[in-house]
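Below: one structure, written as structure tokens.
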Amino acid sequence: MALTVGEPFPAGVEFSYIAYTPESSDIKACGIPGPLKFDEEFKGKKVVIVSIPGAFTPTCTVNHIPPFVEKFSELKAKGVDALVVLSANDPFVQSAFGKANGVTDPAIYFATDPAASFSKSIGFSVDLPPAFGTRTGRYAIIVDDGIVKYAKIESGSGVDVSGVDAVLAAL
């Protein structure tokens, strides 16, 4: 199923994440993974999903995610209620990635797409060398009250259509 702008976001999508708490703020604190049920958590909200092939990788860590964190207030000013940073990494890695990026805002979720299954289902996964396997692609999606408003995947290794400036322009 491909995502189509103007059509509903797929029903029943569930990611996994570890909610940030002050008690688990240390990067070595694990926390407990829980479900992030998109339909329930984001009903009636405007959400940006930004996906990366892997946490703690050069492009994702330097060029892609920090600008989203730095400009989250600009996203909120354009009506965004939540930001979901998605990758195929496990929820413990994603949680540590959020902490490494200094994120404490509960409206920013560092979630995992287990086995890149959601990304595969929408045609937004990438097959990397055997050491890495199938991963979530580098993409951005805007969902407003359950309707897809923007959905773009990078065609190369850069950060253009999935970067924060492209998302801000699309809002």
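Note on naming: chains are A, B, ... as they come in the structure tokens, residues start from 1 per chain, ligands start from 1 in the order shown.
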
With the cut-off set at 12 Å and counting only C-alpha atoms, tabulate each residue of segment 52-132 of chain A with an atom at most that distance from an atom of segment 10-25 of chain A, showing the nearest atom pair and its distance in Å to one decimal, ordered by chain and increasing number, as JSON lines.
{"residue": "A:Val84", "atom": "CA", "partner": "A:Phe15", "partner_atom": "CA", "distance": 9.8}
{"residue": "A:Val85", "atom": "CA", "partner": "A:Tyr17", "partner_atom": "CA", "distance": 10.1}
{"residue": "A:Leu86", "atom": "CA", "partner": "A:Phe15", "partner_atom": "CA", "distance": 8.6}
{"residue": "A:Ser87", "atom": "CA", "partner": "A:Phe15", "partner_atom": "CA", "distance": 9.8}
{"residue": "A:Ala88", "atom": "CA", "partner": "A:Phe15", "partner_atom": "CA", "distance": 9.9}
{"residue": "A:Asn89", "atom": "CA", "partner": "A:Ser16", "partner_atom": "CA", "distance": 10.3}
{"residue": "A:Asp90", "atom": "CA", "partner": "A:Ser16", "partner_atom": "CA", "distance": 8.3}
{"residue": "A:Pro91", "atom": "CA", "partner": "A:Tyr17", "partner_atom": "CA", "distance": 5.2}
{"residue": "A:Phe92", "atom": "CA", "partner": "A:Ile18", "partner_atom": "CA", "distance": 7.2}
{"residue": "A:Val93", "atom": "CA", "partner": "A:Ile18", "partner_atom": "CA", "distance": 9.8}
{"residue": "A:Gln94", "atom": "CA", "partner": "A:Tyr17", "partner_atom": "CA", "distance": 7.5}
{"residue": "A:Ser95", "atom": "CA", "partner": "A:Ile18", "partner_atom": "CA", "distance": 6.0}
{"residue": "A:Ala96", "atom": "CA", "partner": "A:Ser25", "partner_atom": "CA", "distance": 9.2}
{"residue": "A:Phe97", "atom": "CA", "partner": "A:Ile18", "partner_atom": "CA", "distance": 11.2}
{"residue": "A:Gly98", "atom": "CA", "partner": "A:Tyr20", "partner_atom": "CA", "distance": 8.6}
{"residue": "A:Lys99", "atom": "CA", "partner": "A:Ser25", "partner_atom": "CA", "distance": 6.9}
{"residue": "A:Ala100", "atom": "CA", "partner": "A:Ser25", "partner_atom": "CA", "distance": 10.0}
{"residue": "A:Asn101", "atom": "CA", "partner": "A:Ser25", "partner_atom": "CA", "distance": 11.7}
{"residue": "A:Gly102", "atom": "CA", "partner": "A:Ser25", "partner_atom": "CA", "distance": 9.5}
{"residue": "A:Val103", "atom": "CA", "partner": "A:Tyr20", "partner_atom": "CA", "distance": 8.4}
{"residue": "A:Thr104", "atom": "CA", "partner": "A:Tyr20", "partner_atom": "CA", "distance": 6.5}
{"residue": "A:Asp105", "atom": "CA", "partner": "A:Tyr20", "partner_atom": "CA", "distance": 8.0}
{"residue": "A:Pro106", "atom": "CA", "partner": "A:Tyr20", "partner_atom": "CA", "distance": 6.7}
{"residue": "A:Ala107", "atom": "CA", "partner": "A:Ala19", "partner_atom": "CA", "distance": 9.9}
{"residue": "A:Ile108", "atom": "CA", "partner": "A:Tyr20", "partner_atom": "CA", "distance": 9.2}
{"residue": "A:Tyr109", "atom": "CA", "partner": "A:Tyr17", "partner_atom": "CA", "distance": 7.2}
{"residue": "A:Phe110", "atom": "CA", "partner": "A:Tyr17", "partner_atom": "CA", "distance": 6.3}
{"residue": "A:Ala111", "atom": "CA", "partner": "A:Tyr17", "partner_atom": "CA", "distance": 4.5}
{"residue": "A:Thr112", "atom": "CA", "partner": "A:Ser16", "partner_atom": "CA", "distance": 5.2}
{"residue": "A:Asp113", "atom": "CA", "partner": "A:Phe15", "partner_atom": "CA", "distance": 5.4}
{"residue": "A:Pro114", "atom": "CA", "partner": "A:Phe15", "partner_atom": "CA", "distance": 7.2}
{"residue": "A:Ala115", "atom": "CA", "partner": "A:Phe15", "partner_atom": "CA", "distance": 10.7}
{"residue": "A:Ala116", "atom": "CA", "partner": "A:Phe15", "partner_atom": "CA", "distance": 10.0}
{"residue": "A:Ser117", "atom": "CA", "partner": "A:Phe15", "partner_atom": "CA", "distance": 9.7}
{"residue": "A:Phe118", "atom": "CA", "partner": "A:Val13", "partner_atom": "CA", "distance": 7.3}
{"residue": "A:Ser119", "atom": "CA", "partner": "A:Val13", "partner_atom": "CA", "distance": 10.6}
{"residue": "A:Ser121", "atom": "CA", "partner": "A:Pro10", "partner_atom": "CA", "distance": 9.8}
{"residue": "A:Ile122", "atom": "CA", "partner": "A:Pro10", "partner_atom": "CA", "distance": 9.2}

inquiry  = For the structure I just gave you, how does DSSP split chain A - specifically, which residues are strand (DSSP E or B)? Reply as a PyMOL selection string.
reply    = chain A and resi 8+14-17+34-37+46-51+82-87+108-112+125-127+134-136+139-144+147-153

Nearby residues (only C-alpha atoms) at most 9 Å from segment 68-75 of chain A, same-chain spacing under 4 positions excluded, as an NGL selection string
:A and (48 or 50 or 64 or 79-83 or 101-103 or 108 or 163-165 or 167-168 or 171)

| task | Name the residues of segment 39-116 of chain A that come out as helix (DSSP H, G or I) in a backbone DSSP run; write them as a ChimeraX atom specification. | result | /A:39-41,58-70,72-77,91-100,114-116

Can I get the selected residues back with N, CA and C atoms, as a compact mmCIF listing (two decimals), in the first residue's frame?
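Once everything was written out, this is part.txt:
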# COMPACT_ATOMS: atom_id res chain seq x y z
N ASP A 39 -3.20 5.46 15.65
CA ASP A 39 -4.61 5.88 15.61
C ASP A 39 -5.08 6.47 16.93
N GLU A 40 -4.66 5.86 18.02
CA GLU A 40 -5.11 6.31 19.34
C GLU A 40 -4.36 7.55 19.82
N GLU A 41 -3.05 7.51 19.69
CA GLU A 41 -2.21 8.58 20.22
C GLU A 41 -2.38 9.89 19.46
N PRO A 58 26.19 8.74 10.50
CA PRO A 58 26.65 10.10 10.21
C PRO A 58 25.58 11.08 9.72
N THR A 59 24.89 10.76 8.65
CA THR A 59 23.91 11.71 8.12
C THR A 59 22.75 11.91 9.08
N CYS A 60 22.27 10.85 9.66
CA CYS A 60 21.12 10.93 10.58
C CYS A 60 21.46 11.75 11.82
N THR A 61 22.67 11.58 12.34
CA THR A 61 23.08 12.21 13.58
C THR A 61 23.52 13.66 13.38
N VAL A 62 24.10 13.96 12.25
CA VAL A 62 24.65 15.30 12.04
C VAL A 62 23.69 16.20 11.26
N ASN A 63 23.12 15.69 10.17
CA ASN A 63 22.36 16.54 9.25
C ASN A 63 20.84 16.42 9.31
N HIS A 64 20.33 15.28 9.76
CA HIS A 64 18.89 15.06 9.60
C HIS A 64 18.08 15.37 10.86
N ILE A 65 18.38 14.73 11.96
CA ILE A 65 17.54 14.85 13.15
C ILE A 65 17.80 16.12 13.97
N PRO A 66 19.04 16.54 14.20
CA PRO A 66 19.23 17.76 14.99
C PRO A 66 18.45 18.98 14.50
N PRO A 67 18.35 19.24 13.19
CA PRO A 67 17.53 20.39 12.77
C PRO A 67 16.05 20.25 13.14
N PHE A 68 15.51 19.04 13.15
CA PHE A 68 14.12 18.85 13.58
C PHE A 68 13.97 19.20 15.07
N VAL A 69 14.93 18.79 15.87
CA VAL A 69 14.90 19.09 17.30
C VAL A 69 15.04 20.59 17.52
N GLU A 70 16.01 21.20 16.81
CA GLU A 70 16.26 22.63 16.96
C GLU A 70 15.07 23.48 16.50
N PHE A 72 11.83 22.49 16.40
CA PHE A 72 10.53 21.94 16.81
C PHE A 72 9.54 23.05 17.15
N SER A 73 10.02 24.13 17.73
CA SER A 73 9.11 25.24 18.05
C SER A 73 8.52 25.84 16.78
N GLU A 74 9.28 25.86 15.68
CA GLU A 74 8.75 26.35 14.40
C GLU A 74 7.70 25.38 13.85
N LEU A 75 7.94 24.10 14.02
CA LEU A 75 6.94 23.11 13.60
C LEU A 75 5.66 23.29 14.41
N LYS A 76 5.81 23.47 15.73
CA LYS A 76 4.64 23.67 16.59
C LYS A 76 3.89 24.95 16.21
N ALA A 77 4.63 25.99 15.84
CA ALA A 77 3.99 27.25 15.43
C ALA A 77 3.15 27.07 14.18
N PRO A 91 13.90 -0.14 20.32
CA PRO A 91 13.48 1.02 21.12
C PRO A 91 14.53 1.52 22.11
N PHE A 92 15.44 0.65 22.55
CA PHE A 92 16.49 1.09 23.47
C PHE A 92 17.48 2.02 22.75
N VAL A 93 17.83 1.66 21.53
CA VAL A 93 18.72 2.52 20.73
C VAL A 93 18.03 3.84 20.41
N GLN A 94 16.76 3.77 20.02
CA GLN A 94 16.02 5.00 19.71
C GLN A 94 15.91 5.90 20.94
N SER A 95 15.66 5.32 22.10
CA SER A 95 15.59 6.10 23.33
C SER A 95 16.92 6.80 23.60
N ALA A 96 18.01 6.06 23.47
CA ALA A 96 19.34 6.64 23.68
C ALA A 96 19.62 7.73 22.65
N PHE A 97 19.15 7.54 21.42
CA PHE A 97 19.36 8.54 20.36
C PHE A 97 18.62 9.84 20.72
N GLY A 98 17.42 9.71 21.24
CA GLY A 98 16.69 10.89 21.68
C GLY A 98 17.43 11.62 22.81
N LYS A 99 17.93 10.86 23.77
CA LYS A 99 18.66 11.46 24.88
C LYS A 99 19.95 12.11 24.39
N ALA A 100 20.65 11.46 23.45
CA ALA A 100 21.88 12.03 22.90
C ALA A 100 21.61 13.33 22.16
N PRO A 114 9.61 -1.88 13.90
CA PRO A 114 10.24 -3.21 13.97
C PRO A 114 10.33 -3.89 12.61
N ALA A 115 11.55 -4.31 12.27
CA ALA A 115 11.84 -4.97 10.99
C ALA A 115 11.46 -4.09 9.80
N ALA A 116 11.31 -2.79 10.04
CA ALA A 116 10.91 -1.84 8.98
C ALA A 116 9.60 -2.26 8.31

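When the distance limit is 6 Å and only C-alpha atoms are what count, the residues near Tyr150 of chain A, minus those fewer than 5 positions from it on the same chain, are Val5, Ile141 and Ile142 of chain A.
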
Can you write just those residues out, N, CA and C atoms, as a JSON list (two decimals), in the first residue's frame?
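And here is the file that came out, part-v7.json:
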[["chain", "number", "residue", "atom", "x", "y", "z"],
["A", 5, "VAL", "N", -1.06, 11.33, -0.92],
["A", 5, "VAL", "CA", -1.44, 12.60, -0.32],
["A", 5, "VAL", "C", -2.93, 12.81, -0.53],
["A", 141, "ILE", "N", 6.77, 12.30, 6.52],
["A", 141, "ILE", "CA", 5.32, 12.22, 6.29],
["A", 141, "ILE", "C", 4.65, 13.22, 7.22],
["A", 142, "ILE", "N", 3.70, 13.95, 6.69],
["A", 142, "ILE", "CA", 2.85, 14.80, 7.52],
["A", 142, "ILE", "C", 1.46, 14.19, 7.51]]

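Between atom CA of Lys149 of chain A and atom CA of Gly6 of chain A lies a distance of 5.9 Å.
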
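Within 10 Å of Phe42 of chain A, once only C-alpha atoms are used and residues closer than 2 positions along the same chain are dropped, the contacting residues are Leu36, Lys37, Phe38, Asp39, Glu40, Gly44, Lys45, Lys46, Val47, Asp81, Ala82, Val143, Asp144, Asp145 and Gly146 of chain A.
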
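If you look at atom CA of Phe9 of chain A and atom CA of Ala55 of chain A, they are 24.8 Å away from each other.
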